[in-house]
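This is my_file.txt (compact mmCIF, C-alpha atoms and all ligand atoms).
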# COMPACT_ATOMS: atom_id res chain seq x y z
CA MET A 1 -25.97 -4.05 -4.17
CA ALA A 2 -22.38 -5.33 -3.97
CA ARG A 3 -20.84 -5.07 -0.54
CA ARG A 4 -17.08 -4.63 -0.41
CA ALA A 5 -14.63 -4.94 2.50
CA LYS A 6 -12.88 -1.57 2.60
CA LEU A 7 -9.68 -0.98 4.56
CA THR A 8 -10.45 2.23 6.41
CA GLY A 9 -7.62 2.53 8.94
CA THR A 10 -4.11 1.24 9.59
CA GLY A 11 -1.77 1.25 12.59
CA MET A 12 1.47 -0.24 13.83
CA CYS A 13 3.65 -0.56 16.91
CA VAL A 14 7.18 -1.81 17.44
CA PRO A 15 8.87 -1.89 20.84
CA HIS A 16 11.35 0.91 21.66
CA ARG A 17 14.38 -1.33 22.14
CA VAL A 18 16.50 -1.41 18.97
CA VAL A 19 18.88 -4.36 18.50
CA THR A 20 21.47 -3.85 15.79
CA ASN A 21 23.47 -6.47 13.92
CA HIS A 22 26.47 -5.31 15.96
CA ASP A 23 24.54 -6.05 19.17
CA LEU A 24 23.85 -9.61 17.93
CA ALA A 25 27.51 -10.06 17.00
CA LYS A 26 28.29 -9.70 20.72
CA LEU A 27 26.03 -12.68 21.50
CA MET A 28 26.91 -15.08 18.67
CA ASP A 29 29.37 -15.72 15.89
CA THR A 30 27.92 -13.42 13.25
CA SER A 31 28.67 -10.03 11.70
CA ASP A 32 26.87 -6.94 10.46
CA GLU A 33 28.31 -7.62 7.01
CA TRP A 34 26.99 -11.23 6.85
CA ILE A 35 23.49 -10.25 7.98
CA ARG A 36 23.20 -7.21 5.69
CA GLN A 37 24.55 -9.04 2.69
CA ARG A 38 22.34 -12.14 3.07
CA SER A 39 19.13 -10.51 4.28
CA GLY A 40 19.25 -6.70 4.03
CA ILE A 41 18.58 -6.42 7.77
CA VAL A 42 20.40 -3.71 9.77
CA GLU A 43 18.40 -3.69 12.99
CA ARG A 44 15.22 -5.02 14.57
CA HIS A 45 13.15 -4.22 17.67
CA TYR A 46 12.81 -6.46 20.74
CA ILE A 47 10.37 -6.09 23.62
CA GLU A 48 11.63 -5.10 27.08
CA GLU A 49 11.36 -7.47 30.01
CA GLY A 50 7.75 -7.57 31.19
CA GLN A 51 6.23 -6.52 27.85
CA THR A 52 3.83 -8.94 26.13
CA PRO A 53 2.38 -9.28 22.62
CA VAL A 54 -0.82 -7.46 23.58
CA ASP A 55 1.31 -4.44 24.59
CA LEU A 56 2.17 -4.15 20.89
CA ALA A 57 -1.20 -5.19 19.48
CA GLU A 58 -3.16 -2.64 21.52
CA PRO A 59 -1.45 0.56 20.31
CA ALA A 60 -1.44 -0.76 16.72
CA ALA A 61 -5.18 -1.45 16.96
CA ARG A 62 -5.95 1.93 18.58
CA GLN A 63 -4.03 3.71 15.80
CA ALA A 64 -5.99 1.82 13.14
CA LEU A 65 -9.27 2.64 14.88
CA ALA A 66 -8.34 6.33 15.13
CA ALA A 67 -7.42 6.41 11.44
CA ALA A 68 -10.83 4.85 10.64
CA ARG A 69 -12.49 7.38 12.99
CA LEU A 70 -14.10 4.58 14.96
CA GLU A 71 -14.48 3.90 18.67
CA PRO A 72 -13.45 0.39 19.81
CA GLY A 73 -17.07 -0.27 20.76
CA GLU A 74 -18.11 0.00 17.10
CA LEU A 75 -16.18 -3.15 16.12
CA ASP A 76 -17.98 -6.44 15.45
CA CYS A 77 -15.08 -8.93 15.44
CA VAL A 78 -11.31 -9.29 16.04
CA VAL A 79 -9.05 -11.59 14.01
CA LEU A 80 -5.42 -11.74 15.13
CA ALA A 81 -2.72 -13.51 13.12
CA THR A 82 0.27 -14.78 15.08
CA LEU A 83 2.77 -17.63 15.36
CA SER A 84 3.99 -16.38 18.75
CA PRO A 85 0.88 -16.23 20.95
CA GLN A 86 0.94 -14.64 24.37
CA ALA A 87 -0.11 -17.94 25.99
CA ASP A 88 -0.65 -21.47 24.71
CA PHE A 89 -4.34 -20.69 25.01
CA PRO A 90 -6.46 -18.63 24.74
CA GLY A 91 -5.20 -16.65 21.75
CA THR A 92 -3.61 -13.19 21.94
CA SER A 93 -6.84 -11.87 20.39
CA PHE A 94 -8.68 -12.51 23.67
CA PHE A 95 -6.21 -10.40 25.65
CA LEU A 96 -6.58 -7.69 23.01
CA GLN A 97 -10.38 -7.88 23.08
CA ASP A 98 -10.23 -7.26 26.84
CA ARG A 99 -7.70 -4.41 26.58
CA LEU A 100 -9.80 -2.61 24.02
CA GLY A 101 -12.94 -3.11 26.13
CA LEU A 102 -14.84 -4.81 23.33
CA GLY A 103 -17.53 -6.40 25.47
CA GLU A 104 -18.61 -9.74 24.05
CA ILE A 105 -17.75 -9.52 20.37
CA PRO A 106 -15.97 -12.57 18.90
CA ALA A 107 -12.18 -12.74 18.87
CA PHE A 108 -9.89 -15.46 17.60
CA ASP A 109 -6.31 -16.12 16.53
CA LEU A 110 -5.46 -17.32 13.06
CA ARG A 111 -2.36 -19.42 12.54
CA ALA A 112 -0.86 -19.24 9.08
CA GLN A 113 2.58 -17.94 10.12
CA CYS A 114 4.02 -15.27 7.80
CA SER A 115 0.91 -15.50 5.61
CA GLY A 116 -1.39 -15.06 8.61
CA PHE A 117 -2.29 -11.43 7.99
CA VAL A 118 -3.40 -11.99 4.39
CA TYR A 119 -5.26 -15.17 5.42
CA SER A 120 -7.02 -13.01 8.04
CA LEU A 121 -7.94 -10.43 5.41
CA ALA A 122 -9.64 -13.25 3.47
CA VAL A 123 -11.62 -14.21 6.58
CA ALA A 124 -12.63 -10.59 7.24
CA LYS A 125 -13.63 -10.18 3.58
CA GLY A 126 -15.89 -13.22 3.86
CA PHE A 127 -17.49 -11.95 7.07
CA ILE A 128 -18.17 -8.52 5.58
CA GLU A 129 -19.32 -9.56 2.10
CA SER A 130 -21.68 -12.17 3.56
CA GLY A 131 -23.20 -9.54 5.81
CA GLN A 132 -22.30 -11.31 9.06
CA PHE A 133 -20.18 -8.39 10.36
CA ARG A 134 -19.78 -4.78 9.25
CA ARG A 135 -16.55 -3.80 11.04
CA VAL A 136 -13.65 -6.19 11.58
CA LEU A 137 -10.29 -5.48 13.22
CA VAL A 138 -7.44 -7.54 11.73
CA VAL A 139 -4.11 -7.57 13.57
CA GLY A 140 -0.75 -9.22 12.91
CA CYS A 141 1.30 -9.44 16.10
CA GLU A 142 4.57 -11.21 16.86
CA VAL A 143 7.05 -11.42 19.70
CA HIS A 144 9.92 -13.48 18.32
CA SER A 145 12.71 -12.21 20.56
CA THR A 146 11.78 -14.40 23.53
CA GLY A 147 11.65 -17.55 21.39
CA ILE A 148 14.80 -17.49 19.29
CA ASP A 149 18.15 -19.13 19.95
CA LEU A 150 20.57 -16.24 20.47
CA SER A 151 23.61 -18.53 20.38
CA ASP A 152 25.93 -19.74 17.61
CA GLU A 153 23.67 -22.76 17.02
CA GLY A 154 20.61 -20.66 16.31
CA ARG A 155 22.29 -17.82 14.45
CA ASP A 156 20.92 -18.67 11.00
CA VAL A 157 17.33 -18.03 12.19
CA ALA A 158 17.84 -15.67 15.12
CA VAL A 159 19.32 -12.78 13.14
CA LEU A 160 16.32 -12.62 10.82
CA PHE A 161 13.44 -11.96 13.23
CA GLY A 162 12.03 -8.97 15.10
CA ASP A 163 9.02 -8.03 17.22
CA GLY A 164 6.10 -5.85 16.15
CA ALA A 165 2.39 -5.47 15.46
CA GLY A 166 0.33 -4.00 12.65
CA ALA A 167 -3.44 -3.57 12.39
CA VAL A 168 -6.17 -2.64 9.94
CA VAL A 169 -9.86 -1.91 10.25
CA LEU A 170 -12.11 -3.28 7.50
CA GLU A 171 -15.62 -1.92 7.02
CA ALA A 172 -18.55 -2.75 4.80
CA ASN A 173 -18.64 -0.40 1.81
CA GLU A 174 -21.96 -0.30 -0.01
CA ASP A 175 -21.41 3.01 -1.77
CA GLU A 176 -21.69 2.44 -5.56
CA ALA A 177 -19.64 5.58 -6.14
CA ASP A 178 -16.72 4.33 -3.99
CA PRO A 179 -14.82 1.40 -5.55
CA ALA A 180 -12.43 1.02 -2.58
CA GLY A 181 -12.07 -2.40 -0.98
CA LEU A 182 -10.46 -5.81 -1.17
CA LEU A 183 -10.69 -7.01 -4.77
CA GLU A 184 -9.32 -10.56 -4.56
CA VAL A 185 -7.49 -12.69 -2.00
CA ARG A 186 -5.85 -16.00 -2.95
CA LEU A 187 -4.47 -18.46 -0.38
CA HIS A 188 -2.27 -21.57 -0.66
CA ALA A 189 -0.55 -24.09 1.59
CA GLU A 190 1.76 -27.09 1.24
CA GLY A 191 1.89 -28.99 4.52
CA ARG A 192 4.42 -31.54 3.34
CA HIS A 193 7.03 -28.87 4.00
CA ALA A 194 5.80 -28.13 7.52
CA GLU A 195 9.08 -29.26 9.07
CA LYS A 196 11.29 -27.13 6.84
CA LEU A 197 10.60 -24.12 9.04
CA TRP A 198 9.10 -24.81 12.44
CA ILE A 199 9.23 -24.90 16.22
CA GLU A 200 8.27 -28.40 17.27
CA ALA A 201 8.16 -28.09 21.07
CA PRO A 202 6.26 -27.64 23.25
CA GLY A 203 3.67 -29.48 21.20
CA SER A 204 0.86 -31.93 21.78
CA GLY A 205 2.63 -34.18 19.28
CA PHE A 206 4.86 -35.22 22.19
CA THR A 207 3.71 -37.84 24.70
CA PRO A 208 3.31 -38.16 27.59
CA VAL A 209 4.16 -34.47 28.01
CA ARG A 210 4.64 -31.59 25.61
CA ILE A 211 7.97 -30.38 26.89
CA THR A 212 10.82 -32.12 28.71
CA HIS A 213 14.28 -31.13 29.89
CA GLU A 214 15.59 -33.40 27.16
CA LEU A 215 13.72 -31.51 24.44
CA ILE A 216 15.08 -28.25 25.82
CA ASP A 217 18.63 -29.66 26.00
CA GLN A 218 18.23 -30.64 22.33
CA ARG A 219 17.12 -27.05 21.62
CA ARG A 220 13.94 -28.30 19.97
CA HIS A 221 11.93 -25.45 21.47
CA PHE A 222 13.76 -23.05 19.13
CA PRO A 223 12.86 -22.40 15.47
CA ARG A 224 14.66 -24.48 12.87
CA MET A 225 14.82 -23.73 9.19
CA GLU A 226 16.31 -25.04 5.96
CA GLY A 227 17.11 -21.56 4.72
CA ARG A 228 18.00 -22.33 1.13
CA PHE A 229 14.98 -24.60 0.65
CA VAL A 230 12.69 -21.87 2.03
CA PHE A 231 14.35 -19.27 -0.19
CA LYS A 232 13.80 -21.31 -3.38
CA HIS A 233 10.14 -21.91 -2.66
CA ALA A 234 9.52 -18.27 -1.70
CA VAL A 235 10.89 -16.90 -4.96
CA THR A 236 8.69 -19.30 -6.95
CA ARG A 237 5.44 -19.12 -4.98
CA MET A 238 5.26 -15.35 -4.51
CA PRO A 239 5.24 -14.45 -8.25
CA GLU A 240 2.88 -17.39 -8.89
CA VAL A 241 0.22 -16.30 -6.39
CA LEU A 242 0.58 -12.64 -7.31
CA MET A 243 -0.15 -13.42 -10.97
CA GLU A 244 -3.01 -15.76 -10.01
CA THR A 245 -4.62 -13.01 -7.92
CA LEU A 246 -4.19 -10.39 -10.63
CA ASN A 247 -5.78 -12.72 -13.18
CA ALA A 248 -8.69 -13.37 -10.83
CA ALA A 249 -9.24 -9.61 -10.59
CA SER A 250 -8.79 -9.14 -14.38
CA LEU A 251 -5.84 -6.83 -13.70
CA LYS A 252 -2.31 -6.67 -15.07
CA LEU A 253 0.98 -6.10 -13.25
CA ALA A 254 1.08 -2.58 -14.70
CA ASP A 255 -2.26 -1.77 -13.03
CA VAL A 256 -0.75 -2.18 -9.56
CA ASP A 257 0.50 1.06 -8.00
CA LEU A 258 2.27 -0.49 -5.01
CA PHE A 259 3.64 -3.97 -4.29
CA LEU A 260 4.16 -5.01 -0.67
CA PHE A 261 6.02 -8.29 -0.23
CA HIS A 262 6.46 -10.16 3.04
CA GLN A 263 9.62 -8.94 4.73
CA ALA A 264 11.55 -12.21 5.19
CA ASN A 265 14.65 -11.36 3.25
CA LEU A 266 15.40 -8.41 0.98
CA ARG A 267 17.14 -10.80 -1.44
CA ILE A 268 13.92 -12.80 -1.88
CA ASN A 269 12.00 -9.64 -2.73
CA GLU A 270 14.70 -8.35 -5.08
CA TYR A 271 14.60 -11.66 -6.90
CA VAL A 272 10.80 -11.56 -7.21
CA ALA A 273 10.75 -7.92 -8.35
CA GLN A 274 13.44 -8.63 -10.91
CA GLN A 275 11.60 -11.68 -12.31
CA LEU A 276 8.42 -9.65 -12.73
CA GLU A 277 10.25 -6.51 -13.88
CA ILE A 278 8.64 -4.39 -11.18
CA PRO A 279 10.14 -0.89 -11.18
CA ALA A 280 12.03 0.08 -8.02
CA ASP A 281 9.63 2.91 -7.18
CA LYS A 282 6.66 0.52 -7.05
CA TRP A 283 7.72 -1.68 -4.13
CA LEU A 284 8.58 -0.83 -0.56
CA ASN A 285 10.68 -2.55 2.10
CA ASN A 286 11.33 -1.93 5.78
CA ILE A 287 13.17 -5.14 6.63
CA ASP A 288 16.35 -3.10 7.20
CA ARG A 289 14.70 -1.55 10.29
CA TYR A 290 12.45 -4.32 11.61
CA GLY A 291 13.70 -7.70 10.34
CA ASN A 292 11.06 -10.35 9.72
CA CYS A 293 8.00 -9.73 11.91
CA SER A 294 6.07 -12.67 10.36
CA ALA A 295 2.32 -11.95 10.43
CA ALA A 296 3.01 -8.34 11.43
CA SER A 297 5.33 -7.53 8.50
CA ILE A 298 2.70 -6.72 5.87
CA PRO A 299 0.41 -4.59 8.10
CA ILE A 300 3.42 -2.63 9.42
CA LEU A 301 4.60 -2.00 5.86
CA LEU A 302 1.07 -1.08 4.80
CA ASP A 303 0.74 1.44 7.63
CA GLU A 304 4.07 3.03 6.70
CA ALA A 305 2.99 3.19 3.06
CA VAL A 306 -0.29 4.93 3.94
CA ARG A 307 1.23 7.39 6.43
CA GLY A 308 4.24 8.04 4.20
CA GLY A 309 2.02 8.91 1.21
CA SER A 310 3.14 5.93 -0.93
CA LEU A 311 -0.41 4.61 -1.09
CA ARG A 312 -3.18 7.06 -1.94
CA LYS A 313 -6.91 6.95 -2.47
CA GLY A 314 -7.91 5.08 -5.61
CA GLN A 315 -4.57 3.28 -6.00
CA ILE A 316 -4.18 -0.49 -6.18
CA VAL A 317 -1.96 -2.32 -3.69
CA ALA A 318 -0.83 -5.97 -3.91
CA MET A 319 0.21 -7.69 -0.68
CA THR A 320 2.06 -10.98 -1.22
CA THR A 321 3.38 -13.41 1.38
CA PHE A 322 5.31 -16.62 1.86
CA GLY A 323 6.03 -18.44 5.09
CA SER A 324 6.18 -21.51 7.26
CA GLY A 325 3.66 -24.23 6.53
CA PHE A 326 4.48 -23.61 3.74
CA SER A 327 1.81 -20.99 3.26
CA TRP A 328 1.60 -18.31 0.61
CA SER A 329 -1.01 -15.77 -0.37
CA CYS A 330 -1.85 -12.51 -2.08
CA ALA A 331 -4.45 -9.80 -1.44
CA LEU A 332 -5.31 -7.05 -3.91
CA ALA A 333 -7.04 -3.93 -2.66
CA ARG A 334 -8.18 -0.64 -4.12
CA TRP A 335 -7.38 2.09 -1.59
C1 LIG B 1 18.84 -17.77 6.01
C2 LIG B 1 19.56 -17.27 4.79
C3 LIG B 1 19.77 -15.75 4.90
C4 LIG B 1 20.92 -17.94 4.76
O1 LIG B 1 21.65 -17.57 3.62
P1 LIG B 1 22.42 -18.67 2.75
O2 LIG B 1 23.17 -17.95 1.72
O3 LIG B 1 21.40 -19.66 2.33
O4 LIG B 1 23.42 -19.23 3.81
P2 LIG B 1 23.66 -20.74 4.26
O5 LIG B 1 22.55 -21.20 5.12
O6 LIG B 1 24.01 -21.57 3.07
O7 LIG B 1 24.92 -20.56 5.15
C5 LIG B 1 26.15 -20.06 4.63
C6 LIG B 1 27.17 -20.07 5.74
O8 LIG B 1 26.87 -19.01 6.67
C7 LIG B 1 26.79 -19.53 7.99
N1 LIG B 1 25.81 -18.76 8.76
C8 LIG B 1 24.50 -19.05 8.97
N2 LIG B 1 23.95 -18.10 9.71
C9 LIG B 1 24.89 -17.18 9.96
C10 LIG B 1 24.91 -15.97 10.67
N3 LIG B 1 23.83 -15.48 11.28
N4 LIG B 1 26.06 -15.28 10.72
C11 LIG B 1 27.17 -15.74 10.12
N5 LIG B 1 27.22 -16.88 9.44
C12 LIG B 1 26.08 -17.60 9.36
C13 LIG B 1 26.42 -20.96 7.80
O9 LIG B 1 26.82 -21.72 8.93
C14 LIG B 1 27.19 -21.34 6.56
O10 LIG B 1 28.52 -21.59 6.91
P3 LIG B 1 29.39 -22.74 6.15
O11 LIG B 1 29.45 -22.29 4.72
O12 LIG B 1 30.67 -22.68 6.87
O13 LIG B 1 28.61 -23.98 6.34
C15 LIG B 1 18.80 -17.59 3.50
O14 LIG B 1 18.86 -18.97 3.22
C16 LIG B 1 17.36 -17.19 3.57
O15 LIG B 1 17.04 -16.02 3.68
N6 LIG B 1 16.44 -18.13 3.46
C17 LIG B 1 15.03 -17.85 3.56
C18 LIG B 1 14.70 -17.60 4.98
C19 LIG B 1 13.32 -17.10 5.17
O16 LIG B 1 12.83 -16.38 4.37
N7 LIG B 1 12.71 -17.48 6.28
C20 LIG B 1 11.47 -16.99 6.70
C21 LIG B 1 10.38 -17.31 5.76
S1 LIG B 1 8.96 -16.57 6.37
Output the file's structure as structure tokens, nothing else.
Ligand SMILES: CC(C)(COP(=O)(O)OP(=O)(O)OC[C@H]1O[C@@H](n2cnc3c(N)ncnc32)[C@H](O)[C@@H]1OP(=O)(O)O)[C@@H](O)C(=O)NCCC(=O)NCCS
Amino acid sequence: MARRAKLTGTGMCVPHRVVTNHDLAKLMDTSDEWIRQRSGIVERHYIEEGQTPVDLAEPAARQALAAARLEPGELDCVVLATLSPQADFPGTSFFLQDRLGLGEIPAFDLRAQCSGFVYSLAVAKGFIESGQFRRVLVVGCEVHSTGIDLSDEGRDVAVLFGDGAGAVVLEANEDEADPAGLLEVRLHAEGRHAEKLWIEAPGSGFTPVRITHELIDQRRHFPRMEGRFVFKHAVTRMPEVLMETLNAASLKLADVDLFLFHQANLRINEYVAQQLEIPADKWLNNIDRYGNCSAASIPILLDEAVRGGSLRKGQIVAMTTFGSGFSWSCALARW
């Protein structure tokens, strides 16, 4: 009997503190008009002093568990996608595993930047379909606000990012009468562009130590990006992987009820939707409210889609990403 990985619960959490474009314009040479026009972002959320990534991951995970009608103790594994871990090691997933009181089940972080959540879905799908685990918690969690350069020099990157977490529970579905589950997941990477969007320090690529005052003075501990280069690749790779995944599932664009694209820039998504002639009522965005939350963007958007009634039982959702690495991916699920 075929065993499918069914998404049975979603959740999300963003910190209370809202930072508008006008707030950022007080810190650096930027404007609400520039940010809105180039990215579609109006505001984003930042953690308060003393908050940590797990403070976002925990409520998102508990919401997803409640939606799946599961107790934390019923989980078999935790996979957490992040590019902004709570500590250098161990991963944020370990702090979450402790917070949720999950005993000794395995937990690990997955690093594929803005594609991390969909990469994690692929891992969970493999675990469930192979029979190794029956219930897997997948979380995307980012705290960007403490790692961006909120000065004129860092303004091109800093205005784009926000903090947040999103979570899903996946469970083994062996019911022949219930077709819900992940249908196909396709993953890609192109490491030759690793330095087009990255934070290089602290890193074990530096000897004899990973971080120095000099590196900090050179601002190499902040993210750097070739924005236009990233933009061009995103608008090519996202349609490509979406079509590849649909083909693999023997589906057509018209079969998809809802398209969720990574929330990096509204202009990227408009471009992709236009190329593929996706009608406006079939794709959702929340970048205006949250900015780019990297690995957390897709699960936050998915949770809003489910709770807002945009994604209903039996419908097909396509989740497509592009990010640093470069990495890009697509997951198709029947709800
Ligand atoms: C970042 C991005 C919005 C910039 O838009 P752009 O049209 O490419 O803008 P440019 O980088 O060419 O910069 C245009 C001008 O605005 C300036 N600028 C950059 N950031 C600015 C900001 N926050 N506020 C005001 N001006 C800014 C630049 O200095 C430049 O000035 P100049 O013309 O005097 O040199 C766009 O390239 C983008 O979205 N790229 C993809 C980013 C992305 O998706 N990253 C995450 C992937 S997961």
Sort by chain and increasing residue number a table of all residues of chain A within 7 Å of ligand LIG 1 (chain B), each with its closest pair of atoms and their distance in Å to one decimal, counting only C-alpha atoms and all ligand atoms, and write it as a Markdown table.
| residue | atom | partner | partner_atom | distance |
| --- | --- | --- | --- | --- |
| A:Asp29 | CA | B:LIG1 | N4 | 6.2 |
| A:Thr30 | CA | B:LIG1 | N4 | 3.6 |
| A:Ser31 | CA | B:LIG1 | N4 | 5.9 |
| A:Trp34 | CA | B:LIG1 | C11 | 5.6 |
| A:Ile35 | CA | B:LIG1 | N3 | 6.2 |
| A:Arg38 | CA | B:LIG1 | C3 | 4.8 |
| A:Ser39 | CA | B:LIG1 | C3 | 5.3 |
| A:Cys114 | CA | B:LIG1 | S1 | 5.3 |
| A:Arg155 | CA | B:LIG1 | N3 | 4.2 |
| A:Asp156 | CA | B:LIG1 | N2 | 3.3 |
| A:Val157 | CA | B:LIG1 | C1 | 6.4 |
| A:Val159 | CA | B:LIG1 | N3 | 5.6 |
| A:Gly227 | CA | B:LIG1 | O14 | 3.5 |
| A:Arg228 | CA | B:LIG1 | O14 | 4.0 |
| A:Val230 | CA | B:LIG1 | C17 | 4.9 |
| A:Phe231 | CA | B:LIG1 | C17 | 4.1 |
| A:Ala264 | CA | B:LIG1 | O16 | 4.4 |
| A:Asn265 | CA | B:LIG1 | O15 | 5.3 |
| A:Ser294 | CA | B:LIG1 | S1 | 6.3 |
| A:Phe322 | CA | B:LIG1 | S1 | 5.8 |
| A:Gly323 | CA | B:LIG1 | S1 | 3.7 |
| A:Ser324 | CA | B:LIG1 | S1 | 5.7 |
Exercise for the section: Using all atoms listed in the file, collect all residues at a distance of at most 10 Å from (-3.0, -16.4, 7.7) as written in the file, then present them as an MDAnalysis selection string. Expected result: chainID A and resid 79:83 109:123 140 187:188 295 321 323 327:329
Practice task
Extract, using only C-alpha atoms, all DNA, RNA and protein residues at most 12 Å from Glu277 of chain A, discarding same-chain residues fewer than 6 positions from it, and format them as a ChimeraX atom specification.
Solution key: /A:239,253-254,259,269-271,283
Problem - Computed interatomic separation between atom CA of Val42 of chain A and atom CA of Trp198 of chain A (Å) - result: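 Going from atom CA of Val42 of chain A over to atom CA of Trp198 of chain A covers 24.1 Å.
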Problem - Distance in Å - atom CA of His213 of chain A versus atom CA of Lys196 of chain A - result: 23.6 Å
Practice task
Mind giving me the straight-line distance from atom CA of Glu214 of chain A to atom CA of Ile199 of chain A in Å, one decimal?
Solution key: 15.2 Å
Where atoms are absent from segment 189-202 of chain A, fill them in so it carries N, CA, C and O atoms, then output it as a compact mmCIF listing (two decimals), in the frame of the given file.
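Output file out.txt follows:
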# COMPACT_ATOMS: atom_id res chain seq x y z
N ALA A 189 -1.36 -23.44 0.55
CA ALA A 189 -0.55 -24.09 1.59
C ALA A 189 0.02 -25.39 1.05
O ALA A 189 -0.55 -25.99 0.12
N GLU A 190 1.14 -25.82 1.62
CA GLU A 190 1.76 -27.09 1.24
C GLU A 190 2.36 -27.71 2.50
O GLU A 190 3.54 -27.50 2.81
N GLY A 191 1.51 -28.47 3.21
CA GLY A 191 1.89 -28.99 4.52
C GLY A 191 3.01 -30.01 4.51
O GLY A 191 3.62 -30.27 5.55
N ARG A 192 3.33 -30.56 3.34
CA ARG A 192 4.42 -31.54 3.34
C ARG A 192 5.75 -30.89 3.67
O ARG A 192 6.72 -31.58 3.96
N HIS A 193 5.79 -29.55 3.62
CA HIS A 193 7.03 -28.87 4.00
C HIS A 193 6.96 -28.25 5.40
O HIS A 193 7.77 -27.38 5.73
N ALA A 194 6.00 -28.72 6.19
CA ALA A 194 5.80 -28.13 7.52
C ALA A 194 7.08 -28.12 8.36
O ALA A 194 7.32 -27.18 9.12
N GLU A 195 7.90 -29.15 8.20
CA GLU A 195 9.08 -29.26 9.07
C GLU A 195 10.32 -28.57 8.50
O GLU A 195 11.40 -28.68 9.05
N LYS A 196 10.15 -27.86 7.41
CA LYS A 196 11.29 -27.13 6.84
C LYS A 196 11.53 -25.81 7.55
O LYS A 196 12.58 -25.19 7.42
N LEU A 197 10.50 -25.36 8.26
CA LEU A 197 10.60 -24.12 9.04
C LEU A 197 9.58 -24.21 10.15
O LEU A 197 8.38 -24.07 9.91
N TRP A 198 10.07 -24.56 11.37
CA TRP A 198 9.10 -24.81 12.44
C TRP A 198 9.73 -24.74 13.81
O TRP A 198 10.96 -24.75 13.95
N ILE A 199 8.86 -24.66 14.83
CA ILE A 199 9.23 -24.90 16.22
C ILE A 199 8.40 -26.10 16.63
O ILE A 199 7.18 -26.03 16.61
N GLU A 200 9.06 -27.19 17.00
CA GLU A 200 8.27 -28.40 17.27
C GLU A 200 7.82 -28.55 18.72
O GLU A 200 6.83 -29.24 18.99
N ALA A 201 8.52 -27.92 19.65
CA ALA A 201 8.16 -28.09 21.07
C ALA A 201 8.03 -26.73 21.75
O ALA A 201 8.74 -25.80 21.38
N PRO A 202 7.16 -26.60 22.78
CA PRO A 202 6.26 -27.64 23.25
C PRO A 202 5.16 -27.89 22.22
O PRO A 202 4.73 -26.96 21.54
